Amino acid sequence: MTTSTAPVKTAPGRPRLTGPQAAAARQLVTFAAALPVSPDAQVLALTIAARAVRDGEANLTSMDLHRYSHPAGVLNELAGAGWISGELDRIIDADPAETFRVQAPGFTELVDPPMGTLMRSRVSGWISRTLATKPLKKTGPTTRLAALALVLHANPTTGIGTLPDDLPGQVVTDLTPAWISLQADGGYQLSESAAGCLPTG
């Protein structure tokens, strides 16, 4: 375990979420993690919710589904639970350049105060980029959602935070040391990779 209070380094040139944008992202992550669906479906729901939160519609492409081992199952799970609808059976094998409009009215009004167009774009982009970072690519969906939450709840200057009491031990193991290092007081320090995703406040 380590103890550090030094300012962390963030990735140069990468847009960082502002305080209000980070607050919106926290609300979306909390919502997705609480959905009564599988962890894979929660991650996809987060992606869709970040895009649909303003008007209840989101664009999806086949590239959005390539990270899932059973993309049809994940789509069908969200559709069967009433969260999404549209031409879902066409998305998986479509050309990556083809965009499909998915209806997701249940994913609106999740953020207070509501997001404008720029904020929605920034938050959605941040979620997608963070989920695609190298330390998270081969981790499970529960771990990826937890990784987002740990960044969003860490101090934006030091990258230090407090581990949630209900965080599964396996998730902590999966995230250490590539995403976090454990502190002597039971908290965590973001790694350099994770700190590159820190908001500004």
# chains A, B, ... in the order shown; residues from 1 in each chain; ligands from 1
call {"tool": "residues_around", "arguments": {"residues": "range 172-179 of chain A", "least_positions_apart": "5", "cutoff": "10 Å", "atoms": "only C-alpha atoms", "output": "PyMOL selection string"}}
result
chain A and resi 134-136+138-140+143-144+146-147+150-151+163+167+188-195
call {"tool": "write_last_selection", "arguments": {"atoms": "C-alpha atoms", "output": "short mmCIF file (atom, residue, chain, number, x, y, z; two decimals), in the first residue's frame"}}
result
data_model
loop_
_atom_site.label_atom_id
_atom_site.label_comp_id
_atom_site.auth_asym_id
_atom_site.auth_seq_id
_atom_site.Cartn_x
_atom_site.Cartn_y
_atom_site.Cartn_z
CA LYS A 134 -5.95 0.01 -22.11
CA PRO A 135 -6.17 -0.99 -18.39
CA LEU A 136 -9.95 -1.57 -18.72
CA LYS A 138 -9.89 -6.85 -20.74
CA THR A 139 -11.74 -6.33 -17.47
CA GLY A 140 -15.32 -7.35 -16.81
CA THR A 143 -15.04 -3.62 -13.02
CA ARG A 144 -15.35 -1.10 -15.86
CA ALA A 146 -16.49 0.72 -10.92
CA ALA A 147 -13.44 2.20 -12.63
CA LEU A 150 -13.62 5.73 -8.84
CA VAL A 151 -12.32 8.39 -11.24
CA LEU A 163 -13.13 3.00 -1.60
CA LEU A 167 -17.01 -2.59 -3.76
CA TYR A 188 -7.09 4.63 -3.19
CA GLN A 189 -4.79 6.62 -5.46
CA LEU A 190 -5.51 6.69 -9.19
CA SER A 191 -2.76 5.35 -11.45
CA GLU A 192 -1.29 7.55 -14.18
CA SER A 193 -3.62 5.96 -16.73
CA ALA A 194 -6.70 6.59 -14.61
CA ALA A 195 -5.58 10.11 -13.68
#
call {"tool": "select_by_dssp", "arguments": {"residues": "range 147-201 of chain A", "states": "helix (DSSP H, G or I)", "output": "list in words"}}
result
Ala147, Leu148, Ala149, Leu150, Val151, Leu152, His153, Gly169, Gln170, Val171, Val172, Thr173, Asp174, Leu175, Glu192, Ser193, Ala194 and Ala195 of chain A
call {"tool": "residues_around", "arguments": {"residues": "Ala22 in chain A", "least_positions_apart": "2", "cutoff": "10 Å", "atoms": "only C-alpha atoms", "output": "ChimeraX atom specification"}}
result
/A:16-20,24-28,119,122-123,126,151-153,198-201
call {"tool": "residues_around", "arguments": {"residues": "Pro105 in chain A", "least_positions_apart": "4", "cutoff": "9 Å", "atoms": "only C-alpha atoms", "output": "PyMOL selection string"}}
result
chain A and resi 52-53+55-57+83-84
call {"tool": "closest_residue", "arguments": {"among": "A:Ala50, A:Leu131, A:Met63, A:Ala45", "to": "Met115 in chain A", "atoms": "only C-alpha atoms"}}
result
A:Ala50
call {"tool": "select_by_dssp", "arguments": {"residues": "range 11-200 of chain A", "states": "strand (DSSP E or B)", "output": "MDAnalysis selection string"}}
result
chainID A and resid 57:60 85 100:103 160:162 180:183 187:190
call {"tool": "write_last_selection", "arguments": {"atoms": "N, CA, C and O atoms", "output": "PDB file, in the first residue's frame"}}
result
ATOM      1  N   GLU A  57     -33.402   9.469 -27.650  1.00  0.00           N
ATOM      2  CA  GLU A  57     -32.939   8.728 -28.816  1.00  0.00           C
ATOM      3  C   GLU A  57     -31.417   8.748 -28.867  1.00  0.00           C
ATOM      4  O   GLU A  57     -30.791   9.737 -28.491  1.00  0.00           O
ATOM      5  N   ALA A  58     -30.833   7.630 -29.340  1.00  0.00           N
ATOM      6  CA  ALA A  58     -29.379   7.530 -29.394  1.00  0.00           C
ATOM      7  C   ALA A  58     -28.945   6.838 -30.669  1.00  0.00           C
ATOM      8  O   ALA A  58     -29.641   5.949 -31.168  1.00  0.00           O
ATOM      9  N   ASN A  59     -27.799   7.251 -31.189  1.00  0.00           N
ATOM     10  CA  ASN A  59     -27.215   6.570 -32.338  1.00  0.00           C
ATOM     11  C   ASN A  59     -26.340   5.415 -31.869  1.00  0.00           C
ATOM     12  O   ASN A  59     -25.548   5.569 -30.936  1.00  0.00           O
ATOM     13  N   LEU A  60     -26.471   4.258 -32.532  1.00  0.00           N
ATOM     14  CA  LEU A  60     -25.621   3.108 -32.261  1.00  0.00           C
ATOM     15  C   LEU A  60     -25.065   2.580 -33.570  1.00  0.00           C
ATOM     16  O   LEU A  60     -25.745   2.622 -34.601  1.00  0.00           O
ATOM     17  N   SER A  85     -35.672   0.261 -28.024  1.00  0.00           N
ATOM     18  CA  SER A  85     -36.391  -0.334 -29.151  1.00  0.00           C
ATOM     19  C   SER A  85     -35.817   0.251 -30.438  1.00  0.00           C
ATOM     20  O   SER A  85     -35.097   1.244 -30.424  1.00  0.00           O
ATOM     21  N   PHE A 100     -27.603   3.605 -36.596  1.00  0.00           N
ATOM     22  CA  PHE A 100     -28.992   3.239 -36.329  1.00  0.00           C
ATOM     23  C   PHE A 100     -29.520   4.068 -35.172  1.00  0.00           C
ATOM     24  O   PHE A 100     -28.827   4.286 -34.178  1.00  0.00           O
ATOM     25  N   ARG A 101     -30.741   4.515 -35.308  1.00  0.00           N
ATOM     26  CA  ARG A 101     -31.383   5.323 -34.270  1.00  0.00           C
ATOM     27  C   ARG A 101     -32.128   4.394 -33.321  1.00  0.00           C
ATOM     28  O   ARG A 101     -32.985   3.615 -33.737  1.00  0.00           O
ATOM     29  N   VAL A 102     -31.775   4.449 -32.060  1.00  0.00           N
ATOM     30  CA  VAL A 102     -32.390   3.615 -31.035  1.00  0.00           C
ATOM     31  C   VAL A 102     -33.262   4.493 -30.148  1.00  0.00           C
ATOM     32  O   VAL A 102     -32.834   5.575 -29.723  1.00  0.00           O
ATOM     33  N   GLN A 103     -34.475   4.048 -29.889  1.00  0.00           N
ATOM     34  CA  GLN A 103     -35.375   4.774 -28.990  1.00  0.00           C
ATOM     35  C   GLN A 103     -35.131   4.301 -27.554  1.00  0.00           C
ATOM     36  O   GLN A 103     -35.124   3.096 -27.285  1.00  0.00           O
ATOM     37  N   ILE A 160      -6.917  11.041  -5.301  1.00  0.00           N
ATOM     38  CA  ILE A 160      -7.132  10.178  -4.140  1.00  0.00           C
ATOM     39  C   ILE A 160      -8.616  10.118  -3.812  1.00  0.00           C
ATOM     40  O   ILE A 160      -9.331  11.118  -3.911  1.00  0.00           O
ATOM     41  N   GLY A 161      -9.096   8.946  -3.426  1.00  0.00           N
ATOM     42  CA  GLY A 161     -10.493   8.793  -3.056  1.00  0.00           C
ATOM     43  C   GLY A 161     -10.666   7.741  -1.986  1.00  0.00           C
ATOM     44  O   GLY A 161      -9.690   7.127  -1.534  1.00  0.00           O
ATOM     45  N   THR A 162     -11.908   7.529  -1.588  1.00  0.00           N
ATOM     46  CA  THR A 162     -12.245   6.534  -0.572  1.00  0.00           C
ATOM     47  C   THR A 162     -12.967   5.371  -1.235  1.00  0.00           C
ATOM     48  O   THR A 162     -13.954   5.582  -1.950  1.00  0.00           O
ATOM     49  N   ILE A 180      -5.752   1.686  -9.920  1.00  0.00           N
ATOM     50  CA  ILE A 180      -5.616   2.297  -8.596  1.00  0.00           C
ATOM     51  C   ILE A 180      -4.507   1.596  -7.812  1.00  0.00           C
ATOM     52  O   ILE A 180      -4.155   0.450  -8.098  1.00  0.00           O
ATOM     53  N   SER A 181      -3.980   2.296  -6.832  1.00  0.00           N
ATOM     54  CA  SER A 181      -3.142   1.670  -5.810  1.00  0.00           C
ATOM     55  C   SER A 181      -3.827   1.921  -4.478  1.00  0.00           C
ATOM     56  O   SER A 181      -4.477   2.953  -4.282  1.00  0.00           O
ATOM     57  N   LEU A 182      -3.712   0.965  -3.588  1.00  0.00           N
ATOM     58  CA  LEU A 182      -4.402   1.066  -2.297  1.00  0.00           C
ATOM     59  C   LEU A 182      -3.589   1.897  -1.309  1.00  0.00           C
ATOM     60  O   LEU A 182      -2.366   1.806  -1.251  1.00  0.00           O
ATOM     61  N   GLN A 183      -4.289   2.694  -0.532  1.00  0.00           N
ATOM     62  CA  GLN A 183      -3.663   3.549   0.466  1.00  0.00           C
ATOM     63  C   GLN A 183      -3.703   2.889   1.841  1.00  0.00           C
ATOM     64  O   GLN A 183      -4.540   2.020   2.112  1.00  0.00           O
ATOM     65  N   GLY A 187      -8.095   3.999   1.508  1.00  0.00           N
ATOM     66  CA  GLY A 187      -8.498   4.719   0.313  1.00  0.00           C
ATOM     67  C   GLY A 187      -7.754   4.218  -0.907  1.00  0.00           C
ATOM     68  O   GLY A 187      -7.138   3.153  -0.898  1.00  0.00           O
ATOM     69  N   TYR A 188      -7.778   5.018  -1.969  1.00  0.00           N
ATOM     70  CA  TYR A 188      -7.091   4.633  -3.192  1.00  0.00           C
ATOM     71  C   TYR A 188      -6.476   5.861  -3.854  1.00  0.00           C
ATOM     72  O   TYR A 188      -6.908   6.993  -3.639  1.00  0.00           O
ATOM     73  N   GLN A 189      -5.446   5.606  -4.637  1.00  0.00           N
ATOM     74  CA  GLN A 189      -4.788   6.615  -5.461  1.00  0.00           C
ATOM     75  C   GLN A 189      -4.901   6.171  -6.910  1.00  0.00           C
ATOM     76  O   GLN A 189      -4.581   5.030  -7.242  1.00  0.00           O
ATOM     77  N   LEU A 190      -5.400   7.035  -7.785  1.00  0.00           N
ATOM     78  CA  LEU A 190      -5.507   6.686  -9.191  1.00  0.00           C
ATOM     79  C   LEU A 190      -4.122   6.500  -9.807  1.00  0.00           C
ATOM     80  O   LEU A 190      -3.183   7.225  -9.479  1.00  0.00           O
TER      81      LEU A 190
END
call {"tool": "closest_residue", "arguments": {"among": "A:Val171, A:Ala33, A:Ala72, A:Arg54", "to": "Asp112 in chain A", "atoms": "only C-alpha atoms"}}
result
A:Arg54
